[in-house]
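Novice: Following this message is one structure expressed as structure tokens.
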Amino acid sequence: MIKVSILTQDFITYKIALQTRKLKYVKIQDQVANIFIKPLKYDVFIKMRDVLRVMKKSSLKRDVESKLISGN
């Protein structure tokens with residue numbers, strides 16, 4: 001695992017040095033990966049869920065039921 005991490009870091013450093021990639025600062029509250037690895041406050045969770053376009057269970061159920069009824 002360490003070797004892969006070092007290779008990845010070297011690759012990214014190389015691409016930045018060539019100016020083929022740029023780093024952009026992302027505030028911690030805007031990092032979508034947090035939804036998978038950290039306990040979040042409810043409002044932050046809802047924001048991340050919406051960014052990822054995750055459907056609420058109730059709307060997904062309605063969508064499936066309507067398709068079954070209409071035959072599509």
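Residue numbering restarts at 1 for every chain of the structure tokens, chains are lettered A, B, ... in their displayed order, and ligands are numbered from 1 as they appear.
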Out of region 4-71 of chain A, which residues get alpha helix (DSSP H) from DSSP, as JSON, numbers by chain?
Specialist: {"A": [4, 5, 6, 7, 8, 9, 10, 11, 12, 13, 14, 15, 16, 17, 34, 35, 36, 37, 42, 43, 44, 45, 46, 47, 48, 49, 50, 51, 57, 58, 59, 60, 61, 62, 63, 64, 65, 66, 67, 68, 69, 70]}
Novice: For the residues in the current selection, export N, CA and C atoms as a CSV table (one decimal), in the first residue's frame.
Specialist:
chain,number,residue,atom,x,y,z
A,4,VAL,N,2.3,2.0,-3.5
A,4,VAL,CA,1.3,2.6,-4.4
A,4,VAL,C,1.1,4.0,-4.1
A,5,SER,N,1.0,4.4,-2.8
A,5,SER,CA,0.8,5.7,-2.4
A,5,SER,C,2.0,6.6,-2.8
A,6,ILE,N,3.2,6.2,-2.7
A,6,ILE,CA,4.4,6.9,-3.1
A,6,ILE,C,4.3,7.1,-4.7
A,7,LEU,N,4.0,6.0,-5.4
A,7,LEU,CA,3.9,6.2,-6.8
A,7,LEU,C,2.9,7.1,-7.3
A,8,THR,N,1.7,7.1,-6.6
A,8,THR,CA,0.7,8.0,-7.0
A,8,THR,C,1.1,9.5,-6.7
A,9,GLN,N,1.7,9.7,-5.5
A,9,GLN,CA,2.2,11.0,-5.1
A,9,GLN,C,3.2,11.5,-6.1
A,10,ASP,N,4.2,10.6,-6.5
A,10,ASP,CA,5.2,11.0,-7.5
A,10,ASP,C,4.5,11.3,-8.9
A,11,PHE,N,3.5,10.6,-9.3
A,11,PHE,CA,2.9,10.8,-10.5
A,11,PHE,C,2.2,12.2,-10.5
A,12,ILE,N,1.5,12.5,-9.4
A,12,ILE,CA,0.8,13.8,-9.3
A,12,ILE,C,1.8,14.9,-9.3
A,13,THR,N,2.9,14.8,-8.5
A,13,THR,CA,3.9,15.8,-8.5
A,13,THR,C,4.5,16.0,-9.9
A,14,TYR,N,4.7,15.0,-10.6
A,14,TYR,CA,5.3,15.1,-12.0
A,14,TYR,C,4.3,15.8,-12.9
A,15,LYS,N,3.1,15.5,-12.8
A,15,LYS,CA,2.1,16.1,-13.7
A,15,LYS,C,1.9,17.6,-13.4
A,16,ILE,N,2.0,17.9,-12.1
A,16,ILE,CA,1.9,19.4,-11.7
A,16,ILE,C,3.2,20.1,-12.2
A,17,ALA,N,4.3,19.5,-12.1
A,17,ALA,CA,5.6,20.1,-12.5
A,17,ALA,C,5.5,20.4,-14.0
A,34,ASN,N,-16.5,12.9,2.0
A,34,ASN,CA,-16.8,12.9,3.5
A,34,ASN,C,-18.1,12.1,3.8
A,35,ILE,N,-19.0,12.1,2.9
A,35,ILE,CA,-20.3,11.4,3.1
A,35,ILE,C,-20.0,9.9,3.4
A,36,PHE,N,-18.9,9.4,2.8
A,36,PHE,CA,-18.6,7.9,2.9
A,36,PHE,C,-17.7,7.6,4.1
A,37,ILE,N,-17.0,8.6,4.6
A,37,ILE,CA,-16.0,8.3,5.6
A,37,ILE,C,-16.1,9.0,7.0
A,42,TYR,N,-26.7,16.6,10.0
A,42,TYR,CA,-27.8,16.3,9.1
A,42,TYR,C,-27.8,17.2,7.9
A,43,ASP,N,-27.7,18.5,8.1
A,43,ASP,CA,-27.7,19.5,6.9
A,43,ASP,C,-26.6,19.2,6.0
A,44,VAL,N,-25.4,18.9,6.5
A,44,VAL,CA,-24.3,18.6,5.6
A,44,VAL,C,-24.5,17.3,4.8
A,45,PHE,N,-25.1,16.3,5.5
A,45,PHE,CA,-25.4,15.0,4.9
A,45,PHE,C,-26.4,15.3,3.7
A,46,ILE,N,-27.4,16.0,4.0
A,46,ILE,CA,-28.4,16.3,2.9
A,46,ILE,C,-27.8,17.0,1.7
A,47,LYS,N,-26.9,18.0,2.0
A,47,LYS,CA,-26.2,18.7,0.9
A,47,LYS,C,-25.4,17.7,0.1
A,48,MET,N,-24.6,16.8,0.7
A,48,MET,CA,-23.8,15.9,0.0
A,48,MET,C,-24.7,14.9,-0.7
A,49,ARG,N,-25.7,14.4,-0.1
A,49,ARG,CA,-26.7,13.5,-0.8
A,49,ARG,C,-27.2,14.1,-2.1
A,50,ASP,N,-27.6,15.4,-2.0
A,50,ASP,CA,-28.1,16.1,-3.2
A,50,ASP,C,-27.0,16.3,-4.3
A,51,VAL,N,-25.8,16.6,-3.9
A,51,VAL,CA,-24.7,16.7,-4.8
A,51,VAL,C,-24.5,15.4,-5.6
A,57,LYS,N,-35.5,7.1,-0.6
A,57,LYS,CA,-36.1,5.8,-0.7
A,57,LYS,C,-37.5,5.9,-1.2
A,58,SER,N,-38.3,6.9,-0.6
A,58,SER,CA,-39.7,7.0,-0.9
A,58,SER,C,-39.9,7.4,-2.4
A,59,SER,N,-39.1,8.3,-2.9
A,59,SER,CA,-39.2,8.7,-4.3
A,59,SER,C,-38.8,7.6,-5.3
A,60,LEU,N,-37.8,6.8,-4.9
A,60,LEU,CA,-37.4,5.7,-5.7
A,60,LEU,C,-38.5,4.6,-5.8
A,61,LYS,N,-39.1,4.4,-4.6
A,61,LYS,CA,-40.2,3.4,-4.6
A,61,LYS,C,-41.3,3.8,-5.5
A,62,ARG,N,-41.7,5.1,-5.4
A,62,ARG,CA,-42.8,5.7,-6.3
A,62,ARG,C,-42.4,5.5,-7.7
A,63,ASP,N,-41.2,5.8,-8.1
A,63,ASP,CA,-40.7,5.7,-9.5
A,63,ASP,C,-40.8,4.3,-10.0
A,64,VAL,N,-40.4,3.3,-9.2
A,64,VAL,CA,-40.5,1.9,-9.6
A,64,VAL,C,-41.9,1.5,-9.7
A,65,GLU,N,-42.7,1.8,-8.7
A,65,GLU,CA,-44.2,1.4,-8.8
A,65,GLU,C,-44.9,2.0,-10.0
A,66,SER,N,-44.6,3.3,-10.3
A,66,SER,CA,-45.2,3.9,-11.5
A,66,SER,C,-44.8,3.2,-12.8
A,67,LYS,N,-43.6,2.8,-12.9
A,67,LYS,CA,-43.1,2.1,-14.1
A,67,LYS,C,-43.7,0.7,-14.2
A,68,LEU,N,-43.9,0.0,-13.0
A,68,LEU,CA,-44.6,-1.3,-13.0
A,68,LEU,C,-46.0,-1.2,-13.5
A,69,ILE,N,-46.7,-0.1,-13.0
A,69,ILE,CA,-48.1,0.1,-13.3
A,69,ILE,C,-48.3,0.4,-14.8
A,70,SER,N,-47.4,1.3,-15.3
A,70,SER,CA,-47.5,1.8,-16.7
A,70,SER,C,-46.9,0.7,-17.7
Novice: Between CA of Met55 (chain A) and CA of Asp30 (chain A), what is the distance, to one decimal in Å?
Specialist: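 CA of Met55 (chain A) sits 19.4 Å away from CA of Asp30 (chain A).
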Novice: For a test of reading the model, state the distance in Å between CA of Val32 (chain A) and CA of Leu52 (chain A), rounded to one decimal.
Specialist: 7.8 Å
Novice: Could you state the separation of CA of Ile28 (chain A) and CA of Leu40 (chain A) in Å, given to one decimal place?
Specialist: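 According to the coordinates, CA of Ile28 (chain A) and CA of Leu40 (chain A) are separated by 11.7 Å.
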